[in-house]
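Enquirer: Below you will find the structure I want to go over with you.
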Amino acid sequence: MKLTAIIKKGEKQYVALCPEVDVVSQGPTIEKAISNLKEAVELHIEVIGLPEGISNEEAVVTSIEVAAIEKTS
């Protein structure tokens with residue numbers, strides 16, 4: 001089963017999120033963060049199961065850039 005992994009650089013580690021099951025993990029490198037996330041997701045699915053509506057269809061993941069708008073008071 002393919003799920004999504006979103007990785008961002010934190011202050012000291014990389015933080016990895018799997019939005020389909022709402023599981024987060026971290027690691028000192030991108031590879032370790034992904035490995036830790038995979039383990040956490042597998043444990044989550046083993047204990048809690050998959051959320052309803054999760055399918056085996058591959059998701060399209062991309063990024064977009066938007067203009068920063070400063071908030072005025």
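In the structure tokens, chains take the letters A, B, ... in the order shown, each chain's residues start at 1, and ligands count up from 1 in the order shown.
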Please return as a VMD selection string: the residues of chain A that backbone DSSP assigns to alpha helix (DSSP H).
Expert: chain A and resid 30 to 48
Enquirer: Store the residues picked out above in a file with C-alpha atoms, as a short mmCIF file (atom, residue, chain, number, x, y, z; two decimals), in the first residue's frame.
Expert:
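Here's the written file result-v9.cif:
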data_model
loop_
_atom_site.label_atom_id
_atom_site.label_comp_id
_atom_site.auth_asym_id
_atom_site.auth_seq_id
_atom_site.Cartn_x
_atom_site.Cartn_y
_atom_site.Cartn_z
CA ILE A 30 15.32 12.46 5.86
CA GLU A 31 15.96 8.73 5.44
CA LYS A 32 15.67 8.06 9.19
CA ALA A 33 12.55 10.22 9.48
CA ILE A 34 10.92 8.20 6.67
CA SER A 35 12.03 4.91 8.23
CA ASN A 36 10.64 5.95 11.62
CA LEU A 37 7.39 7.13 9.99
CA LYS A 38 7.00 3.83 8.15
CA GLU A 39 7.41 1.92 11.42
CA ALA A 40 4.96 4.21 13.24
CA VAL A 41 2.35 3.93 10.46
CA GLU A 42 2.65 0.12 10.38
CA LEU A 43 2.15 -0.03 14.17
CA HIS A 44 -0.78 2.38 13.94
CA ILE A 45 -2.48 0.27 11.26
CA GLU A 46 -1.78 -2.93 13.22
CA VAL A 47 -3.37 -1.55 16.41
CA ILE A 48 -6.09 0.79 15.13
#
Enquirer: Skipping near chain neighbours, those fewer than 4 positions away, what residues fall within 12 Å of range 62-66 of chain A using only C-alpha atoms, listed as a tab-separated table (two decimals) with all heavy atoms, in the first residue's frame?
Expert:
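Below is the file selection-v4.tsv, written as the result:
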chain	number	residue	atom	x	y	z
A	4	THR	N	1.13	8.66	1.68
A	4	THR	CA	1.87	9.90	1.50
A	4	THR	C	2.77	10.17	2.70
A	4	THR	O	2.37	9.96	3.83
A	4	THR	CB	0.88	11.07	1.34
A	4	THR	OG1	-0.04	10.76	0.31
A	4	THR	CG2	1.61	12.36	1.00
A	5	ALA	N	3.97	10.64	2.43
A	5	ALA	CA	4.88	11.10	3.49
A	5	ALA	C	5.26	12.54	3.17
A	5	ALA	O	5.75	12.84	2.08
A	5	ALA	CB	6.12	10.22	3.56
A	6	ILE	N	5.03	13.42	4.11
A	6	ILE	CA	5.42	14.83	3.98
A	6	ILE	C	6.54	15.07	4.98
A	6	ILE	O	6.38	14.82	6.17
A	6	ILE	CB	4.22	15.76	4.28
A	6	ILE	CG1	3.08	15.47	3.31
A	6	ILE	CG2	4.66	17.23	4.22
A	6	ILE	CD1	1.77	16.15	3.68
Enquirer: What does the distance from CA of Val61 in chain A to CA of Lys12 in chain A come to in Å, to one decimal?
Expert: 25.3 Å
Enquirer: Just checking: using only C-alpha atoms, which residue out of A:Leu50, A:Ala59, A:Thr29, A:Lys71 ends up closest to Gln13 in chain A?
Expert: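 For Gln13 in chain A, the nearest of the given residues is A:Thr29.
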Enquirer: Nearest to Glu58 in chain A: which of A:Met1, A:Val24, A:Val15, A:Ile7 is it, counting only C-alpha atoms?
Expert: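 Answer, going by the shortest atom-to-atom distance: A:Met1.
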